[in-house]
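Reading through the structure tokens given below for one structure.
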Amino acid sequence: MAVNTIEWRGGRVVMLDQRLLPTREVYRVYADHREVARAIKDMVIRGAPAIGVAAAMGLALGARSLRGGADLAREFDKMCRTFAATRPTAVNLFWAIERMRKVFARNQQRPVDTLRTLLEREALAIHDEDVAVNRKMGEHGAVLIEDGATVLTHCNAGALATAGYGTALGVIRAARDAGKRLQVLADETRPFLQGARLTAWELKKDRIPVTVITDNMAGHFMQRGKVSCVIVGADRVAANGDVANKIGTYSLAVLAHRHAIPFYVAAPLSTVDLNCPRGDRIPIEERPAREVTHVLERQIAPGGVKVLNPAFDVTPNELVTAIVTERGVARPPLGRTLAQLASGTGGGRKPSTPAAKAEARKQRRR
């Protein structure tokens, strides 16, 4: 996309304010790491890969205020803890913080100017790697999309949720670029409306046919044979292949299973948490009640009513047809193939011949 989700510009972090889309394109410029942390928490930027990039850039920004001396490690650790407290479900956040911690640990005895430069370089590498990883995922995942397919997606797993290109929408983009005709059904994704506001905006800009539906219409269209497959992103994938994604994803997976529709997840290996054995160990963020009681600042629920607002749910691995990563497509048993992909020993392959592709289609229908 021509729009940059996040970038490092002249020693500042610049983000597209996603809260204002689709009606306004406003870029925020941050000169203080605490402002970047607040932007993550307030969802100026969202999506697990983009959150990781923002945290890395925020730490690079914070490093500019480090003055060296005995308190250097304590001050950097405080910055890391500030970012770790922003969005607890998105594992890319902690993955990026850990990468920045390692750079700091290896170089904290060097001159502070050198340390700042190395932290900035690592943040930029995390940004650029994310774009490259998304494009590789797109290549692997595009094979799964049939020509003429209608793809249902939930929330926003596009360029706006990453440093660029996207995870689930990256697969859709790659399929389109491979010459496949397709159309997209975008769940509006209550309560924050990332599908209606962001996914529809992205796909319209890219001239990919998109139709917005309310979340509770998905079963109707599946029942009538209007959905070829479902593809979503993820905020954390447990070691056994359970997937935490935007609230409502589990419902879609159950519906897809009922109607024998393939349910795909597109997620970089940085989103796979091999230290988390299963989905019930994933922390689920509880968001403010106002996101439910108000729509675009207009109150729609009675004042004082009780509200539950979990931001994510967990889809059990048995409902997941495959997980698309930058190293290939992981198929059941997901725990084993994800571990193989993470270690670089295989586990997923892109079908390379017409016969292999036909066999892959047959397996998906099963």
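As shown in the structure tokens, the chain order sets the letters A, B, ...; within each chain, residues go from 1, and ligands are also counted from 1 in the order they appear.
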
Open item on the list: Write out as number ranges by chain the set of residues from region 100-251 of chain A that DSSP, computed on the backbone, places in helix (DSSP H, G or I).
Closed with: A: 100-107, 112-142, 159-161, 168-177, 194-205, 215-223, 249-251

Task: Long-range neighbours of Asn245 (chain A) as a ChimeraX atom specification, 7 Å cut-off, only C-alpha atoms, 5 positions minimum in chain - done: /A:233-235,312-314

- [ ] Compare A:Ala159, A:Met222, A:Ala239, A:Val26 by their minimum atom-to-atom distance to Glu202 (chain A), counting only C-alpha atoms, and give me the closest one.
- [x] A:Ala159

TODO: Find the residues around region 130-141 of chain A up to 7 Å (only C-alpha atoms counted), leave out those fewer than 4 positions away in its own chain, and share them as a PyMOL selection string.
DONE: chain A and resi 126+163-167+170-171+174+268+324-326+328-329+350

TODO: Find the residues near Ala85 (chain A): any atom within 10 Å, counting only C-alpha atoms, skip ones fewer than 4 places away on the same chain, and give them as number ranges by chain.
DONE: A: 37, 41, 80-81, 93-94

Grab the residues selected above and save them as a PDB file, in the first residue's frame with N, CA and C atoms.
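The result, written out as out.pdb:
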ATOM      1  N   ALA A  37       4.179   4.453  23.763  1.00  0.00           N
ATOM      2  CA  ALA A  37       3.511   3.429  24.568  1.00  0.00           C
ATOM      3  C   ALA A  37       2.023   3.743  24.711  1.00  0.00           C
ATOM      4  N   LYS A  41      -1.370   1.519  23.483  1.00  0.00           N
ATOM      5  CA  LYS A  41      -2.459   1.177  24.400  1.00  0.00           C
ATOM      6  C   LYS A  41      -3.796   1.736  23.913  1.00  0.00           C
ATOM      7  N   CYS A  80      11.389  -0.822  28.938  1.00  0.00           N
ATOM      8  CA  CYS A  80      10.883  -2.104  28.438  1.00  0.00           C
ATOM      9  C   CYS A  80       9.607  -2.502  29.166  1.00  0.00           C
ATOM     10  N   ARG A  81       9.578  -2.310  30.474  1.00  0.00           N
ATOM     11  CA  ARG A  81       8.392  -2.669  31.255  1.00  0.00           C
ATOM     12  C   ARG A  81       7.205  -1.773  30.916  1.00  0.00           C
ATOM     13  N   LEU A  93       4.763  -8.091  20.647  1.00  0.00           N
ATOM     14  CA  LEU A  93       5.224  -7.022  21.530  1.00  0.00           C
ATOM     15  C   LEU A  93       6.407  -7.503  22.366  1.00  0.00           C
ATOM     16  N   PHE A  94       6.265  -8.646  22.997  1.00  0.00           N
ATOM     17  CA  PHE A  94       7.310  -9.160  23.884  1.00  0.00           C
ATOM     18  C   PHE A  94       8.502  -9.683  23.087  1.00  0.00           C
TER      19      PHE A  94
END

Task: DSSP-assigned strand (DSSP E or B) among region 305-340 of chain A, expressed as a list of chain:residue names - done: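 Output for region 305-340 of chain A, strand (DSSP E or B) only: A:Pro310, A:Phe312, A:Asp313, A:Val314, A:Thr315, A:Ala322, A:Ile323, A:Val324, A:Thr325, A:Gly328, A:Val329, A:Ala330.
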
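Put simply, CA of Gly195 (chain A) is 26.1 Å away from CA of Glu35 (chain A).
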
Which residues of region 164-194 of chain A sit at most 10 Å from region 211-221 of chain A, using only C-alpha atoms? Give each one's shortest atom pair and distance in Å (one decimal place), in chain and ascending residue order, as a tab-separated table.
residue	atom	partner	partner_atom	distance
A:Gln183	CA	A:Thr211	CA	8.0
A:Val184	CA	A:Thr211	CA	6.2
A:Leu185	CA	A:Thr211	CA	5.0
A:Ala186	CA	A:Val212	CA	4.8
A:Asp187	CA	A:Ile213	CA	5.1
A:Glu188	CA	A:Thr214	CA	5.2
A:Thr189	CA	A:Asp215	CA	6.0
A:Arg190	CA	A:Asp215	CA	7.3
A:Leu193	CA	A:Thr214	CA	9.7

TODO: Rank A:Thr114, A:Pro49, A:Ser228, A:Phe76 by their smallest atom-to-atom distance to Asp147 (chain A), using only C-alpha atoms, and report the top residue only.
DONE: A:Ser228

Open item on the list: Measuring between only C-alpha atoms, which one of A:Leu118, A:Ala96, A:Ile172, A:Val227 shows the shortest distance to Ile208 (chain A)?
Closed with: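 The shortest atom-to-atom distance to Ile208 (chain A) comes from A:Ile172.
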
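Nearest-residue note for Ile40 (chain A): choosing from A:Gln109, A:Gln18, A:Thr321, A:Thr249, the minimum distance belongs to A:Gln18, counting only C-alpha atoms.
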